[in-house]
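Enquirer: Please read through the structure below; I'll follow up with questions.
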Amino acid sequence: MEKSRVDVLQQTTKLVVIMEKPKVLLLIPVLAVLSLLSACGSNKPAGGETAGVVSGVKIETVSSAPMPQMYEAAGTVRSANVSVLNAQMGGTVGEVRVRSGDRVRKGQPLAVIDDRSPRAQVEAAQAGVEEAAQGLAEVEQSLLAATADRQFAEATFTRYQTLLKKNSLSRQEYDGAEAKYKAALANERALEAKIKEIQARHQQARAQKSSAETMLSYSRIVAPADGVVTQRSIDAGTVVMPGMALMVVEETAHYRLEASLPEELFAKVRVGEEIAVATARGQVQGRVAEVVPAADPGSRTFLVKVDLPSNCSCQSGEYAKALFPVEQSRRMSIPRTALVEHGELEGVYVVNSQGSVEYRLIKAGKSWGERIEVLSGLNPGDRVAVTQVEQLHDGVRVEAQ
């Protein structure tokens with residue numbers, strides 16, 4: 001480049017010397033050409049300054065290595081857990097406490113349905129529980145008295161048996177003691193059976209109360225998890241029926257990318273492998289969570305669900321792309337930090353054997369993780385600057401880290 005520029009300058013000078021005096025006006029465009037030529041050149045510092053030295057630069061030698069061939073699939077980000085809240089009882093909506101787009105916490109009340117009927121059922125069931133408990137207490141007291149009577153009659157009857165053997169007691173007295181004992185024993189067993197009956201009734205009353213309380217809880221629509229309300233289809237005064245959809249709450253702590261891949265790649269995608277996912281907010285690492293085995297008969301594609309990290313700042317419904325490794329091939333690549341962009345031009349700083357850098361244009365291919373494929377512009381063995389590239393320009397000397 002320097003030699004060709006000198007040749008042009010010498011030829012231009014000769015042209016000026018042989019020019020005749022009347023043609024001196026031609027010097028103006030000639031001088032413009034000279035000025036342009038002097039301005040063109042490498043990215044050296046202006047004003048005759050020295051190039052300088054940049055220390056601590058990390059340098060990487062370009063080589064061809066086995067790299068995964070990537071398939072880029074477009075998909076949609078969705079919440080991993082979407083809860084459709086349906087009415088579990090009929091009634092009139094009395095109050096709606098959230099709107100679409102509101103963030104909610106787990107257990108937070110979202111709406112209230114008229115609860116007068118289930119509340120009355122709870123109160124009736126509670127009265128039944130109290131009645132059964134009171135009856136049980138009374139029978140238990142009666143059983144205590146009956147047990148005491150049976151024990152006294154049993155002791156008397158046993159004593160009369162001894163006296164009868166000694167002929168110290170008449171047969172009539174003995175039969176009377178035996179009858180009293182048997183009556184006391186029968187009364188005690190009847191009260192024991194009565195207690196079991198009342199206990200069963202008490203248990204039934206408590207079950208009815210629990211069922212009534214469950215129905216009462218259906219009148220309060222609460223958030224099943226931390227998330228955001230994405231849809232609301234009711235207002236205060238709306239009459240709802242069991243099974244009617246009321247709201248949709250999407251969990252915001254866990255998102256997934258759902259992407260469709262051609263069916264010929266089905267055997268090459270595995271659950272658990274890490275996948276690079278690019279969204280409008282940047283690139284994150286995902287993990288394949290599910291591969292749906294059934295292909296869509298219309299598009300001949302199958303669905304892959306990729307779990308995204310909790311810090312991805314994703315939004316349900318947004319567009320995203322995922323890179324799936326499908327096979328291995330030998331390719332050149334460089335770290336993403338080595339790429340220097342000037343407008344629409346992409347290049348790197350190549351370090352020669354003397355330690356000087358030169359900006360070289362390259363053609364970049366696909367990227368995966370922190371590396372970028374190089375399609376042209378570099379050869380195996382070239383050394384490129386990886387760090388501190390913002391401090392470099394043509395002619396600068398670098399000292400490797």
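Following the order of the structure tokens, first chain is A, next is B, and so on, with residues numbered from 1 inside each chain and ligands from 1 in the order they appear.
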Could you list, as a list in words, every residue within 10 Å of Arg360 in chain A, counting only C-alpha atoms and ignoring same-chain residues fewer than 3 positions away?

Expert: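 Surrounding residues, per the criterion: Val340, Glu346, Gly347, Val348, Tyr349, Val350, Val357, Gly377, Leu378, Val384 and Asp394 of chain A.
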
Enquirer: Would you mind exporting the chosen residues as a PDB file, in the first residue's frame, restricted to C-alpha atoms?

Expert:
ATOM      1  CA  VAL A 340     -14.653  -5.668  16.727  1.00  0.00           C
ATOM      2  CA  GLU A 346     -16.848  -7.108  11.473  1.00  0.00           C
ATOM      3  CA  GLY A 347     -13.198  -7.790  12.128  1.00  0.00           C
ATOM      4  CA  VAL A 348     -10.513  -8.763  14.593  1.00  0.00           C
ATOM      5  CA  TYR A 349      -7.069  -7.504  15.555  1.00  0.00           C
ATOM      6  CA  VAL A 350      -4.460  -9.959  14.283  1.00  0.00           C
ATOM      7  CA  VAL A 357      -1.695  -5.611  15.551  1.00  0.00           C
ATOM      8  CA  GLY A 377     -10.782 -13.803   6.845  1.00  0.00           C
ATOM      9  CA  LEU A 378      -8.613 -15.907   9.157  1.00  0.00           C
ATOM     10  CA  VAL A 384      -5.977 -12.633  17.495  1.00  0.00           C
ATOM     11  CA  ASP A 394      -3.397  -0.685  13.526  1.00  0.00           C
TER      12      ASP A 394
END

Enquirer: What's around Phe152 in chain A at 12 Å? Count only C-alpha atoms, leave out sequence neighbours fewer than 5 positions away in its own chain, and write the answer as a ChimeraX atom specification.

Expert: /A:145-147,157-159,177-178,180-185

Enquirer: Once you count only C-alpha atoms, what closest atom pair and distance in Å to one decimal does each residue of range 196-271 of chain A within 12 Å of range 120-125 of chain A have, with rows by chain and rising residue number, as a Markdown table?

Expert:
| residue | atom | partner | partner_atom | distance |
| --- | --- | --- | --- | --- |
| A:Arg201 | CA | A:Ala125 | CA | 11.7 |
| A:His202 | CA | A:Ala125 | CA | 10.4 |
| A:Gln203 | CA | A:Ala125 | CA | 11.2 |
| A:Gln204 | CA | A:Ala125 | CA | 9.5 |
| A:Ala205 | CA | A:Ala125 | CA | 6.1 |
| A:Arg206 | CA | A:Ala125 | CA | 7.2 |
| A:Ala207 | CA | A:Ala125 | CA | 8.6 |
| A:Gln208 | CA | A:Ala125 | CA | 5.8 |
| A:Lys209 | CA | A:Ala125 | CA | 4.6 |
| A:Ser210 | CA | A:Val122 | CA | 8.0 |
| A:Ser211 | CA | A:Val122 | CA | 8.3 |
| A:Ala212 | CA | A:Val122 | CA | 4.9 |
| A:Glu213 | CA | A:Val122 | CA | 5.8 |
| A:Thr214 | CA | A:Val122 | CA | 9.2 |
| A:Met215 | CA | A:Val122 | CA | 8.8 |
| A:Leu216 | CA | A:Val122 | CA | 7.7 |
| A:Ser217 | CA | A:Val122 | CA | 10.7 |

Enquirer: How about saving the chosen residues, N, CA and C atoms kept, as an mmCIF file, in the first residue's frame?

Expert:
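Here's the written file result-v7.cif:
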data_model
loop_
_atom_site.group_PDB
_atom_site.id
_atom_site.type_symbol
_atom_site.label_atom_id
_atom_site.label_comp_id
_atom_site.auth_asym_id
_atom_site.auth_seq_id
_atom_site.Cartn_x
_atom_site.Cartn_y
_atom_site.Cartn_z
ATOM 1 N N ARG A 201 -72.130 -40.329 65.183
ATOM 2 C CA ARG A 201 -72.879 -39.140 64.805
ATOM 3 C C ARG A 201 -72.003 -37.886 64.900
ATOM 4 N N HIS A 202 -71.183 -37.846 65.933
ATOM 5 C CA HIS A 202 -70.259 -36.709 66.101
ATOM 6 C C HIS A 202 -69.265 -36.649 64.950
ATOM 7 N N GLN A 203 -68.743 -37.821 64.559
ATOM 8 C CA GLN A 203 -67.807 -37.875 63.427
ATOM 9 C C GLN A 203 -68.490 -37.436 62.144
ATOM 10 N N GLN A 204 -69.726 -37.849 61.944
ATOM 11 C CA GLN A 204 -70.469 -37.444 60.763
ATOM 12 C C GLN A 204 -70.716 -35.939 60.756
ATOM 13 N N ALA A 205 -71.017 -35.378 61.913
ATOM 14 C CA ALA A 205 -71.242 -33.933 62.004
ATOM 15 C C ALA A 205 -69.975 -33.165 61.678
ATOM 16 N N ARG A 206 -68.840 -33.667 62.156
ATOM 17 C CA ARG A 206 -67.572 -32.999 61.851
ATOM 18 C C ARG A 206 -67.250 -33.094 60.361
ATOM 19 N N ALA A 207 -67.561 -34.250 59.743
ATOM 20 C CA ALA A 207 -67.331 -34.388 58.300
ATOM 21 C C ALA A 207 -68.219 -33.417 57.529
ATOM 22 N N GLN A 208 -69.460 -33.253 57.966
ATOM 23 C CA GLN A 208 -70.352 -32.302 57.307
ATOM 24 C C GLN A 208 -69.845 -30.875 57.459
ATOM 25 N N LYS A 209 -69.296 -30.590 58.608
ATOM 26 C CA LYS A 209 -68.744 -29.257 58.813
ATOM 27 C C LYS A 209 -67.537 -29.029 57.908
ATOM 28 N N SER A 210 -66.668 -30.055 57.813
ATOM 29 C CA SER A 210 -65.498 -29.923 56.933
ATOM 30 C C SER A 210 -65.923 -29.721 55.490
ATOM 31 N N SER A 211 -66.960 -30.460 55.040
ATOM 32 C CA SER A 211 -67.458 -30.298 53.678
ATOM 33 C C SER A 211 -68.044 -28.907 53.463
ATOM 34 N N ALA A 212 -68.765 -28.418 54.468
ATOM 35 C CA ALA A 212 -69.347 -27.076 54.360
ATOM 36 C C ALA A 212 -68.257 -26.017 54.326
ATOM 37 N N GLU A 213 -67.215 -26.205 55.119
ATOM 38 C CA GLU A 213 -66.098 -25.253 55.113
ATOM 39 C C GLU A 213 -65.375 -25.271 53.776
ATOM 40 N N THR A 214 -65.264 -26.468 53.171
ATOM 41 C CA THR A 214 -64.653 -26.554 51.848
ATOM 42 C C THR A 214 -65.483 -25.783 50.829
ATOM 43 N N MET A 215 -66.792 -25.951 50.864
ATOM 44 C CA MET A 215 -67.655 -25.204 49.955
ATOM 45 C C MET A 215 -67.538 -23.704 50.199
ATOM 46 N N LEU A 216 -67.412 -23.331 51.464
ATOM 47 C CA LEU A 216 -67.247 -21.915 51.778
ATOM 48 C C LEU A 216 -65.935 -21.388 51.216
ATOM 49 N N SER A 217 -64.896 -22.196 51.256
ATOM 50 C CA SER A 217 -63.603 -21.756 50.721
ATOM 51 C C SER A 217 -63.666 -21.528 49.214
#

Enquirer: Fewer than 3 positions away in the same chain doesn't count, so skip those; otherwise give me all residues within 9 Å of Ala280 in chain A, counting only C-alpha atoms, as a PyMOL selection string.

Expert: chain A and resi 283+314+318-320

Enquirer: Could the residues in this selection be written to a file with C-alpha atoms, as a tab-separated table (two decimals), in the first residue's frame?

Expert:
chain	number	residue	atom	x	y	z
A	283	GLN	CA	-28.72	-14.69	25.53
A	314	CYS	CA	-38.38	-13.30	30.35
A	318	GLU	CA	-42.17	-13.20	23.58
A	319	TYR	CA	-40.21	-14.47	20.58
A	320	ALA	CA	-36.96	-16.36	21.13

Enquirer: Once you count only C-alpha atoms, what closest atom pair and distance in Å to one decimal does each residue of range 132-224 of chain A within 9 Å of range 71-85 of chain A have, with rows by chain and rising residue number, as JSON lines?

Expert:
{"residue": "A:Ile221", "atom": "CA", "partner": "A:Leu85", "partner_atom": "CA", "distance": 7.7}
{"residue": "A:Val222", "atom": "CA", "partner": "A:Leu85", "partner_atom": "CA", "distance": 8.7}
{"residue": "A:Ala223", "atom": "CA", "partner": "A:Leu85", "partner_atom": "CA", "distance": 8.6}
{"residue": "A:Pro224", "atom": "CA", "partner": "A:Ser83", "partner_atom": "CA", "distance": 7.4}

Enquirer: Write out as an mmCIF file with C-alpha atoms, in the first residue's frame the residues lying within 10 Å of Met332 in chain A, counting only C-alpha atoms and excluding same-chain residues fewer than 4 positions away.

Expert:
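Saved as around-v9.cif:
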data_model
loop_
_atom_site.group_PDB
_atom_site.id
_atom_site.type_symbol
_atom_site.label_atom_id
_atom_site.label_comp_id
_atom_site.auth_asym_id
_atom_site.auth_seq_id
_atom_site.Cartn_x
_atom_site.Cartn_y
_atom_site.Cartn_z
ATOM 1 C CA VAL A 62 -6.910 -19.602 15.701
ATOM 2 C CA SER A 63 -7.330 -23.294 14.984
ATOM 3 C CA SER A 64 -9.834 -25.588 13.375
ATOM 4 C CA ALA A 65 -11.558 -27.765 15.959
ATOM 5 C CA PRO A 66 -14.591 -30.028 16.120
ATOM 6 C CA MET A 67 -17.607 -27.837 16.703
ATOM 7 C CA GLY A 365 -21.069 -17.197 11.093
ATOM 8 C CA ARG A 371 -17.822 -18.277 20.717
ATOM 9 C CA ILE A 372 -18.454 -17.182 17.118
ATOM 10 C CA GLU A 373 -17.818 -19.183 13.974
ATOM 11 C CA VAL A 374 -15.377 -17.636 11.447
ATOM 12 C CA LEU A 375 -16.301 -18.359 7.834
ATOM 13 C CA SER A 376 -13.495 -16.359 6.152
ATOM 14 C CA LEU A 378 -8.613 -15.907 9.157
ATOM 15 C CA ASN A 379 -6.365 -18.902 8.729
ATOM 16 C CA PRO A 380 -5.347 -21.563 11.225
#

Enquirer: Could you tell me which of A:Pro68, A:Gly101, A:Pro325, A:Pro118 comes closest to Phe266 in chain A if we count only C-alpha atoms?

Expert: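 So, comparing all the options, the nearest one is A:Pro325.
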
Enquirer: Just the residues within 8 Å of range 227-242 of chain A, please, counting only C-alpha atoms, with nothing from its chain fewer than 3 positions along; format it as a list in words.

Expert: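 Residues near the query, excluding close chain neighbours: Asn86, Ala87, Gln88, Met89, Gly90, Gly91, Thr92, Val93, Gly94, Glu95, Val96, Val98, Arg99, Ser100, Gly101, Asp102, Arg103, Val104, Arg105, Lys106, Ala245, Leu246, Met247, Val248, Val249, Glu250, Glu251, Thr252 and Ala253 of chain A.
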
Enquirer: Applying 7 Å and only C-alpha atoms, which residues near range 385-388 of chain A remain after dropping the ones on its own chain fewer than 2 positions away? List them as an mmCIF file with N, CA and C atoms, in the first residue's frame.

Expert:
data_model
loop_
_atom_site.group_PDB
_atom_site.id
_atom_site.type_symbol
_atom_site.label_atom_id
_atom_site.label_comp_id
_atom_site.auth_asym_id
_atom_site.auth_seq_id
_atom_site.Cartn_x
_atom_site.Cartn_y
_atom_site.Cartn_z
ATOM 1 N N VAL A 57 -2.606 -8.049 27.159
ATOM 2 C CA VAL A 57 -3.614 -8.466 26.190
ATOM 3 C C VAL A 57 -3.591 -9.998 26.064
ATOM 4 N N LYS A 58 -4.740 -10.596 26.150
ATOM 5 C CA LYS A 58 -4.839 -12.042 25.977
ATOM 6 C C LYS A 58 -4.937 -12.346 24.490
ATOM 7 N N ILE A 59 -4.100 -13.275 24.046
ATOM 8 C CA ILE A 59 -4.035 -13.633 22.627
ATOM 9 C C ILE A 59 -4.413 -15.098 22.471
ATOM 10 N N GLU A 60 -5.187 -15.380 21.437
ATOM 11 C CA GLU A 60 -5.589 -16.764 21.152
ATOM 12 C C GLU A 60 -5.195 -17.121 19.728
ATOM 13 N N PRO A 335 -13.399 -16.222 20.337
ATOM 14 C CA PRO A 335 -14.244 -15.734 21.434
ATOM 15 C C PRO A 335 -15.042 -14.516 20.995
ATOM 16 N N THR A 337 -15.509 -11.887 22.556
ATOM 17 C CA THR A 337 -14.827 -10.644 22.957
ATOM 18 C C THR A 337 -13.799 -10.189 21.935
ATOM 19 N N ALA A 338 -13.371 -11.080 21.008
ATOM 20 C CA ALA A 338 -12.372 -10.691 20.017
ATOM 21 C C ALA A 338 -12.987 -9.930 18.851
ATOM 22 N N TYR A 349 -8.441 -7.998 15.575
ATOM 23 C CA TYR A 349 -7.069 -7.504 15.555
ATOM 24 C C TYR A 349 -6.140 -8.710 15.553
ATOM 25 N N VAL A 350 -5.397 -8.852 14.431
ATOM 26 C CA VAL A 350 -4.460 -9.959 14.283
ATOM 27 C C VAL A 350 -3.086 -9.492 14.745
ATOM 28 N N VAL A 351 -2.426 -10.300 15.559
ATOM 29 C CA VAL A 351 -1.117 -9.967 16.116
ATOM 30 C C VAL A 351 -0.053 -10.702 15.306
ATOM 31 N N ARG A 383 -2.967 -15.318 15.072
ATOM 32 C CA ARG A 383 -3.152 -14.970 16.488
ATOM 33 C C ARG A 383 -4.008 -13.702 16.564
ATOM 34 N N GLU A 390 -10.710 -2.620 22.719
ATOM 35 C CA GLU A 390 -11.104 -1.214 22.577
ATOM 36 C C GLU A 390 -9.914 -0.271 22.646
ATOM 37 N N GLN A 391 -8.756 -0.759 23.129
ATOM 38 C CA GLN A 391 -7.556 0.069 23.215
ATOM 39 C C GLN A 391 -6.637 -0.106 22.016
#

Enquirer: To one decimal place, how far is CA of Ile362 in chain A from CA of Arg331 in chain A in Å?

Expert: 14.3 Å

Enquirer: Figure out the distance between CA of Leu308 in chain A and CA of Arg287 in chain A, please, to one decimal in Å.

Expert: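 Between these atoms lies a distance of 6.8 Å.
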